[in-house]
$ cat work-v1.pdb   # PDB, C-alpha atoms and all ligand atoms
ATOM      1  CA  MET I 236       6.759 -18.566 -10.009
ATOM      2  CA  ILE I 237       5.728 -15.886  -7.537
ATOM      3  CA  GLU I 238       7.848 -14.573  -4.706
ATOM      4  CA  VAL I 239       7.028 -11.910  -2.115
ATOM      5  CA  LYS I 240       9.945 -10.303  -0.342
ATOM      6  CA  LYS I 241      11.303  -7.161   1.229
ATOM      7  CA  ILE I 242      12.786  -4.741  -1.287
ATOM      8  CA  ILE I 243      14.695  -1.496  -0.855
ATOM      9  CA  ALA I 244      13.134   1.941  -1.348
ATOM     10  CA  GLY I 245      14.907   2.527  -4.669
ATOM     11  CA  GLU I 246      13.281  -0.563  -6.189
ATOM     12  CA  THR I 247       9.826   0.999  -5.816
ATOM     13  CA  SER I 248      10.616   4.041  -7.973
ATOM     14  CA  LYS I 249       9.866   2.635 -11.418
ATOM     15  CA  ILE I 250       6.413   1.257 -10.590
ATOM     16  CA  ARG I 251       5.493   4.252  -8.438
ATOM     17  CA  LEU I 252       6.285   6.520 -11.366
ATOM     18  CA  GLU I 253       4.578   4.368 -13.996
ATOM     19  CA  VAL I 254       1.434   3.554 -12.033
ATOM     20  CA  LEU I 255       0.902   6.070  -9.242
ATOM     21  CA  ARG I 256       2.435   9.231 -10.659
ATOM     22  CA  LYS I 257       1.543   8.900 -14.357
ATOM     23  CA  GLY I 258       0.292  12.370 -15.347
ATOM     24  CA  ILE I 259       0.351  13.404 -11.693
ATOM     25  CA  ASP I 260       2.898  16.024 -10.741
ATOM     26  CA  LEU I 261       3.591  14.898  -7.181
ATOM     27  CA  PRO I 262       6.791  13.447  -5.664
ATOM     28  CA  TYR I 263       7.218   9.692  -6.030
ATOM     29  CA  LYS I 264       9.547   9.493  -3.043
ATOM     30  CA  PHE I 265       8.141   9.593   0.479
ATOM     31  CA  LYS I 266      10.034  11.329   3.289
ATOM     32  CA  GLU I 267       9.778   8.149   5.409
ATOM     33  CA  ASP I 268      11.126   5.814   2.663
ATOM     34  CA  LEU I 269      14.531   5.368   4.272
ATOM     35  CA  LYS I 270      13.479   5.373   7.927
ATOM     36  CA  ASP I 271      14.557   2.324   9.960
ATOM     37  CA  ASP I 272      10.986   1.337  10.822
ATOM     38  CA  THR I 273       9.686   1.650   7.248
ATOM     39  CA  PHE I 274       9.630  -1.477   5.078
ATOM     40  CA  HIS I 275       8.876  -2.111   1.430
ATOM     41  CA  LEU I 276       7.524  -5.324  -0.080
ATOM     42  CA  GLY I 277       7.597  -6.508  -3.664
ATOM     43  CA  VAL I 278       5.946  -9.326  -5.571
ATOM     44  CA  PHE I 279       8.122 -10.916  -8.249
ATOM     45  CA  TYR I 280       6.314 -12.748 -11.030
ATOM     46  CA  LYS I 281       8.483 -14.625 -13.490
ATOM     47  CA  GLU I 282      11.385 -12.888 -11.722
ATOM     48  CA  LYS I 283      10.095  -9.410 -12.549
ATOM     49  CA  LEU I 284       8.964  -6.927  -9.880
ATOM     50  CA  VAL I 285       5.258  -6.371 -10.580
ATOM     51  CA  THR I 286       3.634  -5.239  -7.312
ATOM     52  CA  ILE I 287       4.949  -2.894  -4.632
ATOM     53  CA  ALA I 288       3.800  -1.537  -1.295
ATOM     54  CA  THR I 289       5.408   0.556   1.425
ATOM     55  CA  PHE I 290       4.636   0.337   5.150
ATOM     56  CA  ILE I 291       5.323   3.370   7.320
ATOM     57  CA  LYS I 292       5.008   3.629  11.101
ATOM     58  CA  ASN I 293       2.487   6.437  11.276
ATOM     59  CA  LYS I 294      -0.453   7.149  13.550
ATOM     60  CA  LEU I 295      -3.966   8.153  12.677
ATOM     61  CA  LYS I 296      -5.564   9.994  15.585
ATOM     62  CA  ASP I 297      -8.896   8.179  15.120
ATOM     63  CA  LEU I 298      -7.314   4.798  15.964
ATOM     64  CA  ASP I 299      -5.690   3.592  19.177
ATOM     65  CA  GLY I 300      -2.611   1.437  19.554
ATOM     66  CA  GLU I 301       0.327   0.664  17.292
ATOM     67  CA  GLN I 302      -0.278   1.590  13.684
ATOM     68  CA  TYR I 303       1.296   1.414  10.275
ATOM     69  CA  GLN I 304       0.276   3.276   7.138
ATOM     70  CA  LEU I 305       0.240   1.582   3.750
ATOM     71  CA  ARG I 306       1.462   3.805   0.916
ATOM     72  CA  GLY I 307       2.548   3.357  -2.680
ATOM     73  CA  MET I 308       0.418   0.245  -3.348
ATOM     74  CA  ALA I 309       0.550  -0.627  -7.038
ATOM     75  CA  THR I 310       0.486  -3.533  -9.492
ATOM     76  CA  LEU I 311       1.599  -3.170 -13.098
ATOM     77  CA  PRO I 312      -1.512  -2.940 -15.340
ATOM     78  CA  GLU I 313      -0.696  -6.044 -17.407
ATOM     79  CA  VAL I 314      -0.753  -8.369 -14.381
ATOM     80  CA  ARG I 315      -3.638  -7.011 -12.329
ATOM     81  CA  GLY I 316      -6.335  -9.322 -10.974
ATOM     82  CA  LYS I 317      -3.922 -12.206 -10.372
ATOM     83  CA  GLY I 318      -3.940 -11.840  -6.604
ATOM     84  CA  PHE I 319      -0.579 -10.083  -6.260
ATOM     85  CA  GLY I 320      -2.045  -7.138  -4.353
ATOM     86  CA  LYS I 321      -3.724  -9.567  -1.990
ATOM     87  CA  VAL I 322      -0.520 -11.536  -1.458
ATOM     88  CA  ILE I 323       1.506  -8.434  -0.608
ATOM     89  CA  ILE I 324      -1.020  -7.293   2.017
ATOM     90  CA  GLU I 325      -1.164 -10.800   3.512
ATOM     91  CA  GLU I 326       2.629 -10.807   3.831
ATOM     92  CA  ALA I 327       2.571  -7.349   5.425
ATOM     93  CA  VAL I 328      -0.044  -8.486   7.944
ATOM     94  CA  LYS I 329       2.252 -11.372   8.982
ATOM     95  CA  ILE I 330       5.168  -8.973   9.489
ATOM     96  CA  LEU I 331       3.009  -6.438  11.349
ATOM     97  CA  LYS I 332       1.659  -9.177  13.652
ATOM     98  CA  GLU I 333       5.209 -10.018  14.646
ATOM     99  CA  LYS I 334       5.763  -6.333  15.421
ATOM    100  CA  ASN I 335       2.606  -6.312  17.599
ATOM    101  CA  VAL I 336       0.998  -3.667  15.422
ATOM    102  CA  ASP I 337      -2.746  -3.193  15.983
ATOM    103  CA  PHE I 338      -3.891  -1.490  12.790
ATOM    104  CA  LEU I 339      -2.856  -1.015   9.173
ATOM    105  CA  TRP I 340      -4.470   1.998   7.492
ATOM    106  CA  CYS I 341      -4.259   3.868   4.214
ATOM    107  CA  ASN I 342      -5.636   6.754   2.218
ATOM    108  CA  ALA I 343      -7.452   4.723  -0.430
ATOM    109  CA  ARG I 344      -8.279   6.094  -3.844
ATOM    110  CA  LYS I 345     -12.068   5.954  -4.183
ATOM    111  CA  GLU I 346     -11.939   3.733  -7.276
ATOM    112  CA  VAL I 347     -10.060   0.981  -5.429
ATOM    113  CA  THR I 348     -11.958   0.898  -2.120
ATOM    114  CA  SER I 349     -13.494  -2.468  -3.152
ATOM    115  CA  PHE I 350      -9.995  -3.919  -3.483
ATOM    116  CA  TYR I 351      -9.293  -2.942   0.124
ATOM    117  CA  GLU I 352     -12.718  -4.114   1.305
ATOM    118  CA  LYS I 353     -11.941  -7.572  -0.100
ATOM    119  CA  LEU I 354      -8.860  -7.518   2.129
ATOM    120  CA  ASN I 355     -10.939  -6.689   5.245
ATOM    121  CA  PHE I 356     -10.293  -2.959   5.297
ATOM    122  CA  VAL I 357     -13.201  -0.735   6.327
ATOM    123  CA  LYS I 358     -13.825   2.926   5.586
ATOM    124  CA  LEU I 359     -13.244   5.497   8.282
ATOM    125  CA  GLY I 360     -14.991   8.861   7.981
ATOM    126  CA  GLU I 361     -16.041  10.855   4.960
ATOM    127  CA  GLU I 362     -14.693  10.996   1.438
ATOM    128  CA  PHE I 363     -11.958  13.622   0.981
ATOM    129  CA  MET I 364     -10.032  15.073  -1.943
ATOM    130  CA  VAL I 365      -6.318  14.727  -2.525
ATOM    131  CA  GLU I 366      -5.185  17.488  -4.830
ATOM    132  CA  LYS I 367      -3.988  16.250  -8.258
ATOM    133  CA  VAL I 368      -5.107  12.666  -7.456
ATOM    134  CA  GLY I 369      -8.840  12.664  -6.675
ATOM    135  CA  PRO I 370     -11.345  11.434  -4.085
ATOM    136  CA  HIS I 371     -10.136   9.185  -1.262
ATOM    137  CA  PHE I 372     -11.339   7.408   1.865
ATOM    138  CA  LYS I 373      -9.352   6.594   4.959
ATOM    139  CA  MET I 374      -9.512   2.810   5.392
ATOM    140  CA  TYR I 375      -8.088   0.481   8.019
ATOM    141  CA  THR I 376      -7.870  -3.137   9.012
ATOM    142  CA  LYS I 377      -7.262  -4.726  12.411
ATOM    143  CA  ILE I 378      -4.059  -6.800  12.452
TER     144      ILE I 378
HETATM  145  C1  LIG F 401      -5.460  -1.601  -6.654
HETATM  146  C2  LIG F 401      -4.386  -2.529  -7.205
HETATM  147  C3  LIG F 401      -3.114  -2.328  -6.397
HETATM  148  C4  LIG F 401      -4.866  -3.976  -7.071
HETATM  149  O1  LIG F 401      -3.789  -4.845  -7.402
HETATM  150  P1  LIG F 401      -4.033  -6.317  -7.986
HETATM  151  O2  LIG F 401      -2.711  -6.999  -7.932
HETATM  152  O3  LIG F 401      -4.716  -6.258  -9.292
HETATM  153  O4  LIG F 401      -5.036  -6.899  -6.895
HETATM  154  P2  LIG F 401      -5.498  -8.437  -6.684
HETATM  155  O5  LIG F 401      -5.410  -9.156  -7.984
HETATM  156  O6  LIG F 401      -4.729  -9.000  -5.533
HETATM  157  O7  LIG F 401      -7.008  -8.241  -6.248
HETATM  158  C5  LIG F 401      -7.533  -8.771  -5.033
HETATM  159  C6  LIG F 401      -9.044  -8.708  -5.149
HETATM  160  O8  LIG F 401      -9.475  -7.340  -5.299
HETATM  161  C7  LIG F 401     -10.183  -7.184  -6.518
HETATM  162  N1  LIG F 401      -9.807  -5.896  -7.113
HETATM  163  C8  LIG F 401      -8.595  -5.539  -7.544
HETATM  164  N2  LIG F 401      -8.624  -4.268  -8.020
HETATM  165  C9  LIG F 401      -9.884  -3.850  -7.885
HETATM  166  C10 LIG F 401     -10.538  -2.639  -8.208
HETATM  167  N3  LIG F 401      -9.888  -1.596  -8.776
HETATM  168  N4  LIG F 401     -11.868  -2.537  -7.922
HETATM  169  C11 LIG F 401     -12.531  -3.605  -7.362
HETATM  170  N5  LIG F 401     -11.954  -4.775  -7.034
HETATM  171  C12 LIG F 401     -10.646  -4.899  -7.300
HETATM  172  C13 LIG F 401      -9.759  -8.335  -7.391
HETATM  173  O9  LIG F 401     -10.729  -8.648  -8.347
HETATM  174  C14 LIG F 401      -9.571  -9.438  -6.375
HETATM  175  O10 LIG F 401     -10.833  -9.988  -6.033
HETATM  176  P3  LIG F 401     -11.035 -11.582  -5.797
HETATM  177  O11 LIG F 401     -10.158 -11.908  -4.598
HETATM  178  O12 LIG F 401     -12.491 -11.699  -5.529
HETATM  179  O13 LIG F 401     -10.566 -12.233  -7.050
HETATM  180  C15 LIG F 401      -4.104  -2.260  -8.712
HETATM  181  O14 LIG F 401      -5.322  -2.275  -9.402
HETATM  182  C16 LIG F 401      -3.414  -0.925  -8.995
HETATM  183  O15 LIG F 401      -2.193  -0.837  -8.962
HETATM  184  N6  LIG F 401      -4.209   0.116  -9.306
HETATM  185  C17 LIG F 401      -3.680   1.419  -9.672
HETATM  186  C18 LIG F 401      -2.955   2.091  -8.538
HETATM  187  C19 LIG F 401      -3.832   2.275  -7.321
HETATM  188  O16 LIG F 401      -4.956   2.729  -7.405
HETATM  189  N7  LIG F 401      -3.252   1.944  -6.148
HETATM  190  C20 LIG F 401      -3.916   2.089  -4.881
HETATM  191  C21 LIG F 401      -3.841   3.496  -4.444
HETATM  192  S1  LIG F 401      -4.714   3.742  -2.901
END

$ encode --input "work-v1.pdb" --output "structure tokens"
Amino acid sequence: MIEVKKIIAGETSKIRLEVLRKGIDLPYKFKEDLKDDTFHLGVFYKEKLVTIATFIKNKLKDLDGEQYQLRGMATLPEVRGKGFGKVIIEEAVKILKEKNVDFLWCNARKEVTSFYEKLNFVKLGEEFMVEKVGPHFKMYTKI
């Protein structure tokens, strides 16, 4: 009933717009979306795409080694809390292990830092503001 698989950049648009850009006038496409080393994952529940996440090869100067950045993480509101976010990160960790990546990091919205903490991410540095979105923390997990 649930399937996690790679999706193409265009498949992320609808959920990015509905969940991450609702009332927020910022682009929903990322400049790295179509790069060869970027990948996108989707969770399908009852054959419908409900959770998305994008993984971009991008370095944070505070960390050493191979790194990927998680962006565009979102689950449709009606199916939150069912473990789909967790499943997508677990799948990404498997893929990143195979690529010998050392760290996965993200700019986490303050209100969802507990979600990331449950998935073994830790905060790095001070809270900071992202214009039009709100307070964030850098967070990372060792792969
Ligand atoms: C954050 C988000 C992606 C979580 O997706 P989800 O599919 O509901 O997550 P899961 O069901 O896999 O949750 C995994 C665990 O984190 C917890 N969790 C999920 N969202 C949480 C939140 N906002 N605050 C605290 N804990 C949260 C769940 O209760 C669950 O805990 P459990 O393992 O003890 O049961 C989803 O709430 C969302 O799309 N939010 C709006 C967009 C957003 O903020 N994206 C992240 C931008 S950085």

$ closest_atom_pairs --input "work-v1.pdb" --of "chain I" --to "ligand LIG 401 (chain F)" --cutoff "8 Å" --atoms "all atoms listed in the file" --output "JSON lines"
{"residue": "I:Val254", "atom": "CA", "partner": "F:LIG401", "partner_atom": "C18", "distance": 5.8}
{"residue": "I:Leu255", "atom": "CA", "partner": "F:LIG401", "partner_atom": "C18", "distance": 5.6}
{"residue": "I:Thr286", "atom": "CA", "partner": "F:LIG401", "partner_atom": "O2", "distance": 6.6}
{"residue": "I:Arg306", "atom": "CA", "partner": "F:LIG401", "partner_atom": "S1", "distance": 7.3}
{"residue": "I:Gly307", "atom": "CA", "partner": "F:LIG401", "partner_atom": "C21", "distance": 6.6}
{"residue": "I:Met308", "atom": "CA", "partner": "F:LIG401", "partner_atom": "N7", "distance": 4.9}
{"residue": "I:Ala309", "atom": "CA", "partner": "F:LIG401", "partner_atom": "O15", "distance": 3.4}
{"residue": "I:Thr310", "atom": "CA", "partner": "F:LIG401", "partner_atom": "O15", "distance": 3.8}
{"residue": "I:Leu311", "atom": "CA", "partner": "F:LIG401", "partner_atom": "O15", "distance": 6.1}
{"residue": "I:Pro312", "atom": "CA", "partner": "F:LIG401", "partner_atom": "O15", "distance": 6.8}
{"residue": "I:Val314", "atom": "CA", "partner": "F:LIG401", "partner_atom": "O3", "distance": 6.8}
{"residue": "I:Arg315", "atom": "CA", "partner": "F:LIG401", "partner_atom": "O3", "distance": 3.3}
{"residue": "I:Gly316", "atom": "CA", "partner": "F:LIG401", "partner_atom": "O5", "distance": 3.1}
{"residue": "I:Lys317", "atom": "CA", "partner": "F:LIG401", "partner_atom": "O5", "distance": 4.1}
{"residue": "I:Gly318", "atom": "CA", "partner": "F:LIG401", "partner_atom": "O6", "distance": 3.1}
{"residue": "I:Phe319", "atom": "CA", "partner": "F:LIG401", "partner_atom": "O2", "distance": 4.1}
{"residue": "I:Gly320", "atom": "CA", "partner": "F:LIG401", "partner_atom": "O6", "distance": 3.5}
{"residue": "I:Lys321", "atom": "CA", "partner": "F:LIG401", "partner_atom": "O6", "distance": 3.7}
{"residue": "I:Val322", "atom": "CA", "partner": "F:LIG401", "partner_atom": "O6", "distance": 6.4}
{"residue": "I:Ile323", "atom": "CA", "partner": "F:LIG401", "partner_atom": "O6", "distance": 8.0}
{"residue": "I:Cys341", "atom": "CA", "partner": "F:LIG401", "partner_atom": "S1", "distance": 7.1}
{"residue": "I:Asn342", "atom": "CA", "partner": "F:LIG401", "partner_atom": "S1", "distance": 6.0}
{"residue": "I:Ala343", "atom": "CA", "partner": "F:LIG401", "partner_atom": "S1", "distance": 3.8}
{"residue": "I:Arg344", "atom": "CA", "partner": "F:LIG401", "partner_atom": "S1", "distance": 4.4}
{"residue": "I:Lys345", "atom": "CA", "partner": "F:LIG401", "partner_atom": "S1", "distance": 7.8}
{"residue": "I:Glu346", "atom": "CA", "partner": "F:LIG401", "partner_atom": "N3", "distance": 5.9}
{"residue": "I:Val347", "atom": "CA", "partner": "F:LIG401", "partner_atom": "N3", "distance": 4.2}
{"residue": "I:Thr348", "atom": "CA", "partner": "F:LIG401", "partner_atom": "N4", "distance": 6.7}
{"residue": "I:Ser349", "atom": "CA", "partner": "F:LIG401", "partner_atom": "C11", "distance": 4.5}
{"residue": "I:Phe350", "atom": "CA", "partner": "F:LIG401", "partner_atom": "O8", "distance": 3.9}
{"residue": "I:Tyr351", "atom": "CA", "partner": "F:LIG401", "partner_atom": "O8", "distance": 7.0}
{"residue": "I:Lys353", "atom": "CA", "partner": "F:LIG401", "partner_atom": "O8", "distance": 5.8}
{"residue": "I:Leu354", "atom": "CA", "partner": "F:LIG401", "partner_atom": "C6", "distance": 7.4}
{"residue": "I:His371", "atom": "CA", "partner": "F:LIG401", "partner_atom": "S1", "distance": 7.9}

$ residues_around --input "work-v1.pdb" --residues "I:Ile243" --least-positions-apart "5" --cutoff "10 Å" --atoms "all atoms listed in the file" --output "VMD selection string"
chain I and resid 248 268 to 269 274 to 277 289

$ resolve_selection --input "work-v1.pdb" --expression "the PyMOL selection byres (((chain I and resi 368) around 10) and not hetatm)" --output "NGL selection string"
:I and (255-256 or 258-261 or 344 or 364-367 or 369-371)

$ atom_distance --input "work-v1.pdb" --atom1 "atom CA of I:Lys283" --atom2 "atom CA of I:Thr376"
28.8 Å

$ atom_distance --input "work-v1.pdb" --atom1 "atom CA of I:Thr273" --atom2 "atom CA of I:Phe363"
25.5 Å

$ atom_distance --input "work-v1.pdb" --atom1 "atom CA of I:Tyr280" --atom2 "atom CA of I:Glu325"
16.5 Å

$ resolve_selection --input "work-v1.pdb" --expression "the PyMOL selection byres (((chain I and resi 281) around 9) and not hetatm)" --output "PyMOL selection string"
chain I and resi 236-238+279-280+282-284

$ closest_residue --input "work-v1.pdb" --among "I:Ile242, I:Met374, I:Ile287, I:Leu339" --to "I:Glu361" --atoms "all atoms listed in the file"
I:Met374

$ closest_residue --input "work-v1.pdb" --among "I:Val357, I:Ile378, I:Leu305, I:Leu298" --to "I:Lys334" --atoms "all atoms listed in the file"
I:Ile378

$ closest_residue --input "work-v1.pdb" --among "I:Asp272, I:Lys377, I:Leu252, I:Asp297" --to "I:Val328" --atoms "only C-alpha atoms"
I:Lys377

$ closest_residue --input "work-v1.pdb" --among "I:Arg251, I:Lys373, I:Lys332, I:Lys358" --to "I:Lys264" --atoms "all atoms listed in the file"
I:Arg251

$ closest_residue --input "work-v1.pdb" --among "I:Asp299, I:Glu326, I:Glu362, I:Glu313" --to "I:Trp340" --atoms "all atoms listed in the file"
I:Asp299

$ residues_around --input "work-v1.pdb" --residues "stretch 292-294 of chain I" --least-positions-apart "3" --cutoff "6 Å" --atoms "only C-alpha atoms" --output "list in words"
Gln302, Tyr303 and Gln304 of chain I

$ axis_aligned_box --input "work-v1.pdb" --around "stretch 350-355 of chain I" --padding-each-side "5 Å" --output "JSON"
{"center_x": -10.8, "center_y": -5.3, "center_z": 0.9, "size_x": 13.9, "size_y": 14.6, "size_z": 18.7}
